[in-house]
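This is start39.csv. It holds CSV, C-alpha atoms.
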```
chain,number,residue,atom,x,y,z
I,1,MET,CA,-0.5,65.2,56.2
I,2,GLY,CA,-4.1,65.2,57.4
I,3,ILE,CA,-6.1,68.4,57.1
I,4,LEU,CA,-8.0,69.4,60.2
I,5,ASN,CA,-9.9,72.7,59.7
I,6,VAL,CA,-11.4,74.1,62.9
I,7,THR,CA,-13.4,76.7,61.1
I,8,PRO,CA,-17.1,77.3,60.4
I,9,ASP,CA,-16.5,78.1,56.8
I,10,SER,CA,-14.0,75.7,55.3
I,11,PHE,CA,-14.4,75.2,51.5
I,12,SER,CA,-14.4,71.5,52.0
I,13,ASP,CA,-16.0,70.4,55.3
I,14,GLY,CA,-18.0,73.5,56.1
I,15,GLY,CA,-17.6,73.6,59.9
I,16,LYS,CA,-17.9,69.9,60.6
I,17,TYR,CA,-14.9,70.1,63.1
I,18,PHE,CA,-15.6,73.6,64.4
I,19,SER,CA,-16.1,72.3,68.0
I,20,VAL,CA,-13.1,71.3,70.1
I,21,GLU,CA,-14.6,67.9,70.8
I,22,ASN,CA,-15.3,67.1,67.1
I,23,ALA,CA,-11.9,68.4,66.0
I,24,VAL,CA,-10.0,66.3,68.6
I,25,LYS,CA,-12.0,63.2,67.7
I,26,ARG,CA,-11.3,63.7,64.0
I,27,GLY,CA,-7.6,64.4,64.6
I,28,MET,CA,-7.2,61.1,66.5
I,29,GLU,CA,-9.2,59.3,63.8
I,30,MET,CA,-6.8,60.6,61.1
I,31,VAL,CA,-3.8,59.3,63.0
I,32,GLU,CA,-5.5,55.9,63.3
I,33,GLU,CA,-6.1,56.1,59.5
I,34,GLY,CA,-2.4,56.6,58.8
I,35,ALA,CA,-1.7,60.4,59.0
I,36,ASP,CA,2.0,61.1,59.6
I,37,ILE,CA,1.3,64.8,60.4
I,38,LEU,CA,-1.8,66.7,61.4
I,39,ASP,CA,-2.2,70.2,60.0
I,40,ILE,CA,-4.6,72.3,62.1
I,41,GLY,CA,-6.0,75.6,60.7
I,42,GLY,CA,-8.3,78.1,62.3
I,43,GLU,CA,-8.8,80.5,59.5
I,44,SER,CA,-10.3,79.6,56.1
I,45,THR,CA,-8.1,80.6,53.2
I,46,ARG,CA,-10.6,79.6,50.5
I,47,PRO,CA,-11.0,82.1,47.6
I,48,ASN,CA,-12.7,85.4,48.6
I,49,SER,CA,-12.3,84.7,52.3
I,50,GLU,CA,-11.7,87.4,54.9
I,51,SER,CA,-9.0,87.3,57.5
I,52,ILE,CA,-10.1,86.8,61.1
I,53,PRO,CA,-8.8,88.4,64.3
I,54,VAL,CA,-5.8,86.8,66.0
I,55,GLU,CA,-7.8,86.2,69.2
I,56,GLU,CA,-10.5,84.2,67.3
I,57,GLU,CA,-7.9,82.1,65.5
I,58,LEU,CA,-6.3,81.4,68.9
I,59,ARG,CA,-9.6,80.5,70.4
I,60,ARG,CA,-10.3,78.0,67.7
I,61,THR,CA,-6.9,76.3,67.4
I,62,ILE,CA,-5.1,76.3,70.8
I,63,PRO,CA,-7.4,74.0,72.8
I,64,VAL,CA,-7.4,71.5,69.9
I,65,ILE,CA,-3.6,71.5,69.7
I,66,GLU,CA,-3.3,71.2,73.5
I,67,GLN,CA,-5.6,68.1,73.7
I,68,LEU,CA,-4.2,66.4,70.6
I,69,ALA,CA,-0.6,67.0,71.7
I,70,ARG,CA,-1.3,65.0,74.8
I,71,ASN,CA,-2.9,62.1,73.0
I,72,ILE,CA,-1.1,61.5,69.7
I,73,SER,CA,2.5,60.8,68.8
I,74,VAL,CA,2.7,62.3,65.3
I,75,PRO,CA,3.8,65.9,64.7
I,76,ILE,CA,1.3,68.7,64.7
I,77,SER,CA,1.4,71.6,62.3
I,78,ILE,CA,-0.3,75.0,62.7
I,79,ASP,CA,-1.6,76.4,59.5
I,80,THR,CA,-1.4,80.1,60.0
I,81,THR,CA,0.1,83.3,58.6
I,82,LYS,CA,0.1,85.1,62.0
I,83,SER,CA,3.2,85.0,64.2
I,84,LYS,CA,1.2,85.3,67.4
I,85,VAL,CA,-0.9,82.2,66.5
I,86,ALA,CA,2.3,80.3,65.5
I,87,GLU,CA,4.0,81.1,68.8
I,88,GLU,CA,1.0,80.1,70.9
I,89,ALA,CA,0.6,76.9,68.8
I,90,LEU,CA,4.2,75.9,69.2
I,91,ASN,CA,3.9,76.5,73.0
I,92,ALA,CA,0.8,74.3,73.0
I,93,GLY,CA,2.6,71.4,71.3
I,94,ALA,CA,2.8,72.0,67.6
I,95,THR,CA,6.3,71.6,66.0
I,96,ILE,CA,5.6,72.7,62.5
I,97,VAL,CA,4.4,76.1,61.1
I,98,ASN,CA,2.7,76.0,57.7
I,99,ASP,CA,2.7,79.5,56.4
I,100,ILE,CA,0.7,79.9,53.1
I,101,SER,CA,2.2,83.3,52.6
I,102,GLY,CA,5.8,82.0,52.4
I,103,LEU,CA,6.8,84.5,55.2
I,104,THR,CA,5.3,87.5,53.3
I,105,PHE,CA,2.3,88.4,55.4
I,106,ASP,CA,3.8,88.8,58.9
I,107,GLU,CA,7.4,90.0,59.2
I,108,LYS,CA,7.7,88.5,62.7
I,109,MET,CA,6.9,85.0,61.6
I,110,VAL,CA,10.4,84.0,60.6
I,111,LYS,CA,11.8,85.0,64.1
I,112,VAL,CA,9.1,83.0,65.9
I,113,VAL,CA,9.8,79.9,63.9
I,114,ALA,CA,13.6,80.3,64.3
I,115,ARG,CA,13.4,81.0,68.0
I,116,ASN,CA,11.3,77.9,68.6
I,117,ARG,CA,13.5,75.7,66.3
I,118,ALA,CA,10.3,74.6,64.5
I,119,THR,CA,10.0,73.1,61.1
I,120,LEU,CA,8.7,75.5,58.4
I,121,VAL,CA,6.5,75.1,55.4
I,122,VAL,CA,6.6,78.0,52.9
I,123,MET,CA,3.9,78.1,50.3
I,124,HIS,CA,3.5,80.3,47.2
I,125,ILE,CA,0.5,82.5,46.9
I,126,GLN,CA,-0.3,85.3,44.4
I,127,GLY,CA,-2.1,88.0,46.3
I,128,ASN,CA,-4.1,87.0,49.3
I,129,PRO,CA,-7.1,84.7,49.9
I,130,LYS,CA,-9.6,87.5,49.2
I,131,THR,CA,-8.0,88.5,45.9
I,132,MET,CA,-6.0,85.5,44.7
I,133,GLN,CA,-8.5,84.1,42.2
I,134,GLN,CA,-9.2,87.5,40.6
I,135,ASN,CA,-7.5,87.0,37.2
I,136,PRO,CA,-4.2,85.4,38.3
I,137,HIS,CA,-1.5,85.9,35.7
I,138,TYR,CA,2.1,84.6,35.1
I,139,GLU,CA,4.5,84.8,32.3
I,140,ASN,CA,6.0,81.4,33.4
I,141,VAL,CA,4.2,80.0,36.3
I,142,VAL,CA,6.8,77.3,37.2
I,143,GLU,CA,9.7,79.7,37.1
I,144,GLU,CA,7.9,82.5,39.0
I,145,VAL,CA,6.7,80.1,41.7
I,146,LYS,CA,10.3,78.7,42.0
I,147,SER,CA,11.7,82.2,42.3
I,148,PHE,CA,9.2,83.1,45.1
I,149,LEU,CA,10.0,80.0,47.0
I,150,TYR,CA,13.7,80.5,46.6
I,151,LYS,CA,13.4,83.9,48.3
I,152,SER,CA,11.3,82.4,51.1
I,153,ILE,CA,13.9,79.6,51.6
I,154,SER,CA,16.7,82.2,51.7
I,155,LYS,CA,14.9,84.3,54.2
I,156,ALA,CA,14.3,81.3,56.5
I,157,LYS,CA,17.8,80.0,56.2
I,158,SER,CA,19.4,83.4,56.9
I,159,ASN,CA,17.4,83.5,60.2
I,160,GLY,CA,18.6,80.0,61.2
I,161,ILE,CA,15.7,77.8,60.2
I,162,SER,CA,17.1,74.5,58.9
I,163,GLN,CA,14.2,72.2,58.2
I,164,ILE,CA,12.1,73.8,55.5
I,165,PHE,CA,9.4,72.3,53.2
I,166,ILE,CA,8.2,74.0,50.1
I,167,ASP,CA,4.6,74.1,48.6
I,168,PRO,CA,3.8,75.4,45.2
I,169,GLY,CA,0.4,76.5,46.4
I,170,ILE,CA,-2.0,74.7,44.2
I,171,GLY,CA,-5.2,76.8,43.9
I,172,PHE,CA,-3.7,79.8,45.6
I,173,GLY,CA,-3.7,82.4,42.8
I,174,LYS,CA,-3.7,80.0,39.9
I,175,THR,CA,-6.0,79.0,37.0
I,176,LEU,CA,-6.7,75.4,36.1
I,177,GLU,CA,-3.9,75.6,33.6
I,178,HIS,CA,-1.4,77.0,36.1
I,179,ASN,CA,-2.2,74.2,38.6
I,180,LEU,CA,-1.8,71.5,35.9
I,181,SER,CA,1.6,73.0,34.8
I,182,LEU,CA,2.9,73.1,38.4
I,183,LEU,CA,1.9,69.5,39.0
I,184,LYS,CA,3.3,68.2,35.7
I,185,ASN,CA,6.6,70.0,36.3
I,186,LEU,CA,6.8,69.4,40.1
I,187,ASN,CA,10.2,67.7,39.8
I,188,GLU,CA,11.7,71.0,38.8
I,189,PHE,CA,11.2,72.2,42.4
I,190,ALA,CA,13.7,69.6,43.6
I,191,SER,CA,16.5,72.0,42.6
I,192,LEU,CA,15.5,74.2,45.5
I,193,GLY,CA,16.9,71.5,47.8
I,194,CYS,CA,13.9,71.2,50.2
I,195,PRO,CA,11.2,68.5,50.5
I,196,ILE,CA,8.1,69.2,48.5
I,197,LEU,CA,4.6,69.3,50.0
I,198,VAL,CA,1.6,69.3,47.7
I,199,GLY,CA,-2.0,70.0,48.6
I,200,THR,CA,-4.5,69.1,45.9
I,201,SER,CA,-7.2,67.5,48.0
I,202,ARG,CA,-10.8,68.3,46.9
I,203,LYS,CA,-9.7,71.5,45.2
I,204,SER,CA,-11.7,73.3,42.6
I,205,PHE,CA,-9.4,72.5,39.7
I,206,ILE,CA,-10.4,68.8,40.2
I,207,GLY,CA,-14.1,69.7,40.2
I,208,LYS,CA,-13.6,71.6,36.9
I,209,LEU,CA,-11.9,68.6,35.3
I,210,THR,CA,-14.5,66.0,36.6
I,211,ASN,CA,-17.6,68.3,36.7
I,212,ASP,CA,-18.0,67.7,40.4
I,213,MET,CA,-19.1,70.9,42.1
I,214,ASN,CA,-19.6,69.2,45.5
I,215,THR,CA,-16.2,68.9,47.2
I,216,ASP,CA,-17.0,65.5,48.7
I,217,LYS,CA,-17.4,64.1,45.2
I,218,ARG,CA,-13.8,64.7,44.3
I,219,LEU,CA,-12.2,61.7,45.9
I,220,GLU,CA,-11.1,59.9,42.7
I,221,GLY,CA,-9.8,63.1,41.2
I,222,THR,CA,-7.9,63.8,44.3
I,223,ALA,CA,-6.4,60.3,44.2
I,224,ALA,CA,-5.2,60.8,40.7
I,225,SER,CA,-3.5,64.1,41.6
I,226,VAL,CA,-1.9,62.6,44.8
I,227,ALA,CA,-0.5,59.6,42.8
I,228,LEU,CA,1.0,61.8,40.1
I,229,SER,CA,2.3,64.3,42.6
I,230,ILE,CA,4.2,61.5,44.3
I,231,ALA,CA,5.5,60.3,40.9
I,232,ASN,CA,6.6,63.8,40.1
I,233,GLY,CA,8.5,64.4,43.3
I,234,ALA,CA,6.2,65.2,46.2
I,235,ASN,CA,7.5,64.1,49.6
I,236,VAL,CA,4.3,65.1,51.6
I,237,VAL,CA,0.7,65.1,50.4
I,238,ARG,CA,-1.8,67.2,52.3
I,239,VAL,CA,-5.2,65.5,52.3
I,240,HIS,CA,-8.7,65.4,53.8
I,241,ASP,CA,-9.4,61.8,53.2
I,242,VAL,CA,-6.6,60.2,55.0
I,243,LYS,CA,-7.8,56.6,55.0
I,244,GLU,CA,-8.3,56.5,51.3
I,245,MET,CA,-5.2,58.5,50.3
I,246,LYS,CA,-3.0,56.4,52.6
I,247,LYS,CA,-3.7,53.5,50.2
I,248,VAL,CA,-2.9,55.7,47.2
I,249,VAL,CA,0.4,56.7,48.8
I,250,LEU,CA,1.4,53.1,49.6
I,251,VAL,CA,0.8,52.0,46.0
I,252,ALA,CA,2.4,55.1,44.4
I,253,ASP,CA,5.4,54.7,46.6
I,254,ALA,CA,5.8,51.0,45.8
I,255,ILE,CA,5.7,51.7,42.1
I,256,LYS,CA,8.0,54.7,42.3
I,257,TYR,CA,10.7,53.1,44.5
I,258,SER,CA,10.6,49.6,43.0
I,259,ARG,CA,13.7,48.4,41.2
```

What is this file in structure tokens?
Amino acid sequence: MGILNVTPDSFSDGGKYFSVENAVKRGMEMVEEGADILDIGGESTRPNSESIPVEEELRRTIPVIEQLARNISVPISIDTTKSKVAEEALNAGATIVNDISGLTFDEKMVKVVARNRATLVVMHIQGNPKTMQQNPHYENVVEEVKSFLYKSISKAKSNGISQIFIDPGIGFGKTLEHNLSLLKNLNEFASLGCPILVGTSRKSFIGKLTNDMNTDKRLEGTAASVALSIANGANVVRVHDVKEMKKVVLVADAIKYSR
């Protein structure tokens, strides 16, 4: 899954694809580089970020989705917690809704996804992007994240949604130790019965381990986290550096599924 942030304040690419023209060009590049899914987001969810109005999120994302949907063959995902944005994105050509709140921020989201027969990604988050890194705490991070995701899955299924991916939410209300524990024990999430999506790309826990404060210096650390995520059960990896991570995926898959 290739990440396409159409925001002026992304933690990773800092507005590089904020214009429709640049975003569409980058989206098509990522498909050529091997992306199987494009995930388009119009609101930054980095730590301490503020939510933006629905109208602004629509202005950023919908023209990009409309143009890409006409020019690429891979599925498009809308990364949003707002049901109105999800609905408009699905109408514009998206087929997946990636909700970082796991259906907890907008009560209408589950109905929108169900009505459009879309695929759903439910992610775990503690708090919200503005507060999530203010002393996150768990008694047992793996079990608590599993419990949260189980509730999200149950809510989705009870509303008629059949294709559901789960995401443990690396970096969303977690310390370095929490992130490492989730990745090490990723195979435990298989018991929930849904494909597992993992997003570690360029995240701060990698910078803490490698002493790389610049996000664009975290390629090798990201590669390690992607390979081990696959080894531990990830079905989809969400990344910025598609060309490089595609090679990591090919090798990791070959090793994992060899006889």

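Residue nearest Ile170 of chain I, chosen from I:Met30, I:Ser158, I:Val145, I:Thr200 and counting all atoms listed in the file: I:Thr200.
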
Write out, as CSV, each residue of segment 194-252 of chain I that has an atom at most 10 Å from segment 34-58 of chain I, together with the closest pair of atoms and their distance in Å to one decimal, counting all atoms listed in the file, rows going by chain and rising number.
```
residue,atom,partner,partner_atom,distance
I:Lys203,CA,I:Arg46,CA,9.7
I:Val236,CA,I:Asp36,CA,9.2
I:Arg238,CA,I:Asp39,CA,8.3
I:Val239,CA,I:Ala35,CA,9.1
I:Asp241,CA,I:Ala35,CA,9.7
I:Val242,CA,I:Ala35,CA,6.3
I:Lys243,CA,I:Gly34,CA,6.6
I:Glu244,CA,I:Gly34,CA,9.5
I:Met245,CA,I:Gly34,CA,9.1
I:Lys246,CA,I:Gly34,CA,6.2
I:Lys247,CA,I:Gly34,CA,9.2
```

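In this structure, atom CA of Tyr138 of chain I sits 17.1 Å away from atom CA of Glu188 of chain I.
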
ask   = Which of these, I:Gly160, I:Gly127, I:Ser147, I:Phe172, has the shortest distance to Lys111 of chain I once you count only C-alpha atoms?
value =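 Closest to Lys111 of chain I, using only C-alpha atoms: I:Gly160.
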
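Take the candidates I:Glu177, I:Asp212, I:Glu21, I:Glu32 and check each one against Val74 of chain I using only C-alpha atoms; the shortest distance goes to I:Glu32.
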
request  = List the neighbours of Asp106 of chain I out to 10 Å using only C-alpha atoms; skip same-chain residues closer than 3 positions along the sequence, and give me the result as JSON, numbers by chain.
outcome  = {"I": [81, 82, 83, 84, 99, 101, 102, 103, 109, 110]}

query = Is there a way to get, as a list in words, all residues within 9 Å of the point (-2.2, 84.2, 48.4) in file coordinates, counting all atoms listed in the file?
reply =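 Residues with an atom at most 9 Å from (-2.2, 84.2, 48.4): Thr45, Ile100, Ser101, Met123, His124, Ile125, Gln126, Gly127, Asn128, Pro129, Lys130, Thr131, Met132, Gln133, Gly169, Phe172 and Gly173 of chain I.
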
Selection to disk with C-alpha atoms, as a PDB file, keeping the file's coordinate frame:
```pdb
ATOM      1  CA  THR I  45      -8.100  80.600  53.200  1.00  0.00           C
ATOM      2  CA  ILE I 100       0.700  79.900  53.100  1.00  0.00           C
ATOM      3  CA  SER I 101       2.200  83.300  52.600  1.00  0.00           C
ATOM      4  CA  MET I 123       3.900  78.100  50.300  1.00  0.00           C
ATOM      5  CA  HIS I 124       3.500  80.300  47.200  1.00  0.00           C
ATOM      6  CA  ILE I 125       0.500  82.500  46.900  1.00  0.00           C
ATOM      7  CA  GLN I 126      -0.300  85.300  44.400  1.00  0.00           C
ATOM      8  CA  GLY I 127      -2.100  88.000  46.300  1.00  0.00           C
ATOM      9  CA  ASN I 128      -4.100  87.000  49.300  1.00  0.00           C
ATOM     10  CA  PRO I 129      -7.100  84.700  49.900  1.00  0.00           C
ATOM     11  CA  LYS I 130      -9.600  87.500  49.200  1.00  0.00           C
ATOM     12  CA  THR I 131      -8.000  88.500  45.900  1.00  0.00           C
ATOM     13  CA  MET I 132      -6.000  85.500  44.700  1.00  0.00           C
ATOM     14  CA  GLN I 133      -8.500  84.100  42.200  1.00  0.00           C
ATOM     15  CA  GLY I 169       0.400  76.500  46.400  1.00  0.00           C
ATOM     16  CA  PHE I 172      -3.700  79.800  45.600  1.00  0.00           C
ATOM     17  CA  GLY I 173      -3.700  82.400  42.800  1.00  0.00           C
TER      18      GLY I 173
END
```

task = Give me, please, the distance in Å between atom CA of Gly233 of chain I and atom CA of Arg259 of chain I, quoted to one decimal.
result = 17.0 Å

inquiry  = Need the shell around Ile72 of chain I: protein/DNA/RNA residues with any atom at most 8 Å away, counting all atoms listed in the file. Skip same-chain ones fewer than 3 positions apart. Format as number ranges by chain?
reply    = I: 28, 31, 68-69

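Taking only C-alpha atoms into account, the residues near (-2.3, 60.6, 41.0), no farther than 6 Å, are I:Ala223, I:Ala224, I:Ser225, I:Val226, I:Ala227, I:Leu228.
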
Shortest interatomic distance to Ile166 of chain I - which of I:Pro63, I:Gly93, I:Gly199, I:Gly27, counting only C-alpha atoms =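 The shortest atom-to-atom distance to Ile166 of chain I comes from I:Gly199.
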
ask   = What is the atom CA of Lys256 of chain I-atom CA of Val237 of chain I distance in Å, reported with one decimal?
value = 15.1 Å

Extract segment 15-120 of chain I from the preceding block and save C-alpha atoms as a PDB file, in the first residue's frame.
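Below is the file that was written, decode-v3.pdb:
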```pdb
ATOM      1  CA  GLY I  15       3.574  19.026   1.588  1.00  0.00           C
ATOM      2  CA  LYS I  16       5.519  17.649  -1.363  1.00  0.00           C
ATOM      3  CA  TYR I  17       2.289  16.314  -2.913  1.00  0.00           C
ATOM      4  CA  PHE I  18      -0.101  19.030  -1.738  1.00  0.00           C
ATOM      5  CA  SER I  19      -0.997  20.123  -5.272  1.00  0.00           C
ATOM      6  CA  VAL I  20      -3.359  17.961  -7.313  1.00  0.00           C
ATOM      7  CA  GLU I  21      -0.866  17.773 -10.174  1.00  0.00           C
ATOM      8  CA  ASN I  22       2.001  16.569  -7.961  1.00  0.00           C
ATOM      9  CA  ALA I  23      -0.218  14.137  -6.082  1.00  0.00           C
ATOM     10  CA  VAL I  24      -1.574  12.518  -9.245  1.00  0.00           C
ATOM     11  CA  LYS I  25       1.921  12.267 -10.722  1.00  0.00           C
ATOM     12  CA  ARG I  26       3.252  10.626  -7.553  1.00  0.00           C
ATOM     13  CA  GLY I  27       0.280   8.257  -7.364  1.00  0.00           C
ATOM     14  CA  MET I  28       0.920   7.026 -10.885  1.00  0.00           C
ATOM     15  CA  GLU I  29       4.635   6.678 -10.113  1.00  0.00           C
ATOM     16  CA  MET I  30       3.883   4.506  -7.093  1.00  0.00           C
ATOM     17  CA  VAL I  31       1.746   2.174  -9.190  1.00  0.00           C
ATOM     18  CA  GLU I  32       4.607   1.874 -11.697  1.00  0.00           C
ATOM     19  CA  GLU I  33       6.940   1.134  -8.778  1.00  0.00           C
ATOM     20  CA  GLY I  34       4.756  -1.747  -7.650  1.00  0.00           C
ATOM     21  CA  ALA I  35       2.071  -0.413  -5.320  1.00  0.00           C
ATOM     22  CA  ASP I  36      -0.925  -2.752  -5.142  1.00  0.00           C
ATOM     23  CA  ILE I  37      -3.095  -0.148  -3.368  1.00  0.00           C
ATOM     24  CA  LEU I  38      -2.901   3.640  -3.074  1.00  0.00           C
ATOM     25  CA  ASP I  39      -3.889   5.190   0.264  1.00  0.00           C
ATOM     26  CA  ILE I  40      -4.805   8.862  -0.086  1.00  0.00           C
ATOM     27  CA  GLY I  41      -5.108  11.102   2.943  1.00  0.00           C
ATOM     28  CA  GLY I  42      -5.986  14.773   3.186  1.00  0.00           C
ATOM     29  CA  GLU I  43      -5.593  15.299   6.939  1.00  0.00           C
ATOM     30  CA  SER I  44      -2.334  14.900   8.824  1.00  0.00           C
ATOM     31  CA  THR I  45      -2.609  12.541  11.791  1.00  0.00           C
ATOM     32  CA  ARG I  46       0.908  13.078  13.108  1.00  0.00           C
ATOM     33  CA  PRO I  47       1.242  13.559  16.885  1.00  0.00           C
ATOM     34  CA  ASN I  48      -0.166  16.908  18.122  1.00  0.00           C
ATOM     35  CA  SER I  49      -1.971  17.596  14.825  1.00  0.00           C
ATOM     36  CA  GLU I  50      -5.307  19.394  14.715  1.00  0.00           C
ATOM     37  CA  SER I  51      -8.334  18.152  12.807  1.00  0.00           C
ATOM     38  CA  ILE I  52      -9.311  20.113   9.690  1.00  0.00           C
ATOM     39  CA  PRO I  53     -12.802  20.977   8.386  1.00  0.00           C
ATOM     40  CA  VAL I  54     -14.596  18.427   6.206  1.00  0.00           C
ATOM     41  CA  GLU I  55     -14.731  20.898   3.317  1.00  0.00           C
ATOM     42  CA  GLU I  56     -10.956  21.319   3.281  1.00  0.00           C
ATOM     43  CA  GLU I  57     -10.344  17.578   3.436  1.00  0.00           C
ATOM     44  CA  LEU I  58     -12.704  17.116   0.486  1.00  0.00           C
ATOM     45  CA  ARG I  59     -10.991  19.895  -1.470  1.00  0.00           C
ATOM     46  CA  ARG I  60      -7.633  18.193  -1.023  1.00  0.00           C
ATOM     47  CA  THR I  61      -8.579  14.600  -1.748  1.00  0.00           C
ATOM     48  CA  ILE I  62     -11.490  14.324  -4.169  1.00  0.00           C
ATOM     49  CA  PRO I  63      -9.832  15.836  -7.291  1.00  0.00           C
ATOM     50  CA  VAL I  64      -6.831  13.551  -6.773  1.00  0.00           C
ATOM     51  CA  ILE I  65      -9.003  10.455  -6.394  1.00  0.00           C
ATOM     52  CA  GLU I  66     -11.093  11.364  -9.448  1.00  0.00           C
ATOM     53  CA  GLN I  67      -8.035  11.750 -11.669  1.00  0.00           C
ATOM     54  CA  LEU I  68      -6.221   8.670 -10.373  1.00  0.00           C
ATOM     55  CA  ALA I  69      -9.327   6.490 -10.629  1.00  0.00           C
ATOM     56  CA  ARG I  70      -9.423   7.233 -14.369  1.00  0.00           C
ATOM     57  CA  ASN I  71      -5.746   6.437 -14.885  1.00  0.00           C
ATOM     58  CA  ILE I  72      -4.756   3.492 -12.673  1.00  0.00           C
ATOM     59  CA  SER I  73      -6.035  -0.043 -12.236  1.00  0.00           C
ATOM     60  CA  VAL I  74      -5.135  -0.647  -8.576  1.00  0.00           C
ATOM     61  CA  PRO I  75      -7.631   0.001  -5.747  1.00  0.00           C
ATOM     62  CA  ILE I  76      -7.712   3.418  -4.113  1.00  0.00           C
ATOM     63  CA  SER I  77      -8.118   3.809  -0.360  1.00  0.00           C
ATOM     64  CA  ILE I  78      -9.293   6.978   1.388  1.00  0.00           C
ATOM     65  CA  ASP I  79      -7.541   7.578   4.698  1.00  0.00           C
ATOM     66  CA  THR I  80     -10.133   9.456   6.754  1.00  0.00           C
ATOM     67  CA  THR I  81     -12.158   9.382   9.955  1.00  0.00           C
ATOM     68  CA  LYS I  82     -14.997  11.463   8.511  1.00  0.00           C
ATOM     69  CA  SER I  83     -18.036   9.735   6.986  1.00  0.00           C
ATOM     70  CA  LYS I  84     -18.735  12.620   4.582  1.00  0.00           C
ATOM     71  CA  VAL I  85     -15.204  12.428   3.178  1.00  0.00           C
ATOM     72  CA  ALA I  86     -15.449   8.644   2.913  1.00  0.00           C
ATOM     73  CA  GLU I  87     -18.746   8.872   1.024  1.00  0.00           C
ATOM     74  CA  GLU I  88     -17.475  11.442  -1.470  1.00  0.00           C
ATOM     75  CA  ALA I  89     -14.245   9.506  -1.977  1.00  0.00           C
ATOM     76  CA  LEU I  90     -16.124   6.283  -2.684  1.00  0.00           C
ATOM     77  CA  ASN I  91     -18.307   8.153  -5.163  1.00  0.00           C
ATOM     78  CA  ALA I  92     -15.135   9.508  -6.814  1.00  0.00           C
ATOM     79  CA  GLY I  93     -13.603   6.075  -7.341  1.00  0.00           C
ATOM     80  CA  ALA I  94     -12.137   4.845  -4.057  1.00  0.00           C
ATOM     81  CA  THR I  95     -13.128   1.337  -2.941  1.00  0.00           C
ATOM     82  CA  ILE I  96     -11.446   1.155   0.486  1.00  0.00           C
ATOM     83  CA  VAL I  97     -11.945   3.261   3.626  1.00  0.00           C
ATOM     84  CA  ASN I  98      -8.967   3.394   6.003  1.00  0.00           C
ATOM     85  CA  ASP I  99     -10.314   4.646   9.353  1.00  0.00           C
ATOM     86  CA  ILE I 100      -7.538   5.250  11.897  1.00  0.00           C
ATOM     87  CA  SER I 101     -10.152   5.525  14.650  1.00  0.00           C
ATOM     88  CA  GLY I 102     -11.490   2.003  14.150  1.00  0.00           C
ATOM     89  CA  LEU I 103     -15.044   3.392  13.697  1.00  0.00           C
ATOM     90  CA  THR I 104     -14.922   5.399  16.955  1.00  0.00           C
ATOM     91  CA  PHE I 105     -14.704   9.036  15.776  1.00  0.00           C
ATOM     92  CA  ASP I 106     -17.747   9.241  13.469  1.00  0.00           C
ATOM     93  CA  GLU I 107     -20.827   7.150  14.224  1.00  0.00           C
ATOM     94  CA  LYS I 108     -22.014   7.432  10.610  1.00  0.00           C
ATOM     95  CA  MET I 109     -18.858   5.903   9.140  1.00  0.00           C
ATOM     96  CA  VAL I 110     -19.916   2.274   9.461  1.00  0.00           C
ATOM     97  CA  LYS I 111     -23.166   2.929   7.567  1.00  0.00           C
ATOM     98  CA  VAL I 112     -21.363   4.737   4.748  1.00  0.00           C
ATOM     99  CA  VAL I 113     -18.906   1.889   4.268  1.00  0.00           C
ATOM    100  CA  ALA I 114     -21.659  -0.735   4.414  1.00  0.00           C
ATOM    101  CA  ARG I 115     -23.974   1.113   2.033  1.00  0.00           C
ATOM    102  CA  ASN I 116     -21.207   1.444  -0.550  1.00  0.00           C
ATOM    103  CA  ARG I 117     -20.061  -2.172  -0.071  1.00  0.00           C
ATOM    104  CA  ALA I 118     -16.538  -0.902   0.442  1.00  0.00           C
ATOM    105  CA  THR I 119     -13.579  -2.619   2.046  1.00  0.00           C
ATOM    106  CA  LEU I 120     -12.751  -1.314   5.519  1.00  0.00           C
TER     107      LEU I 120
END
```
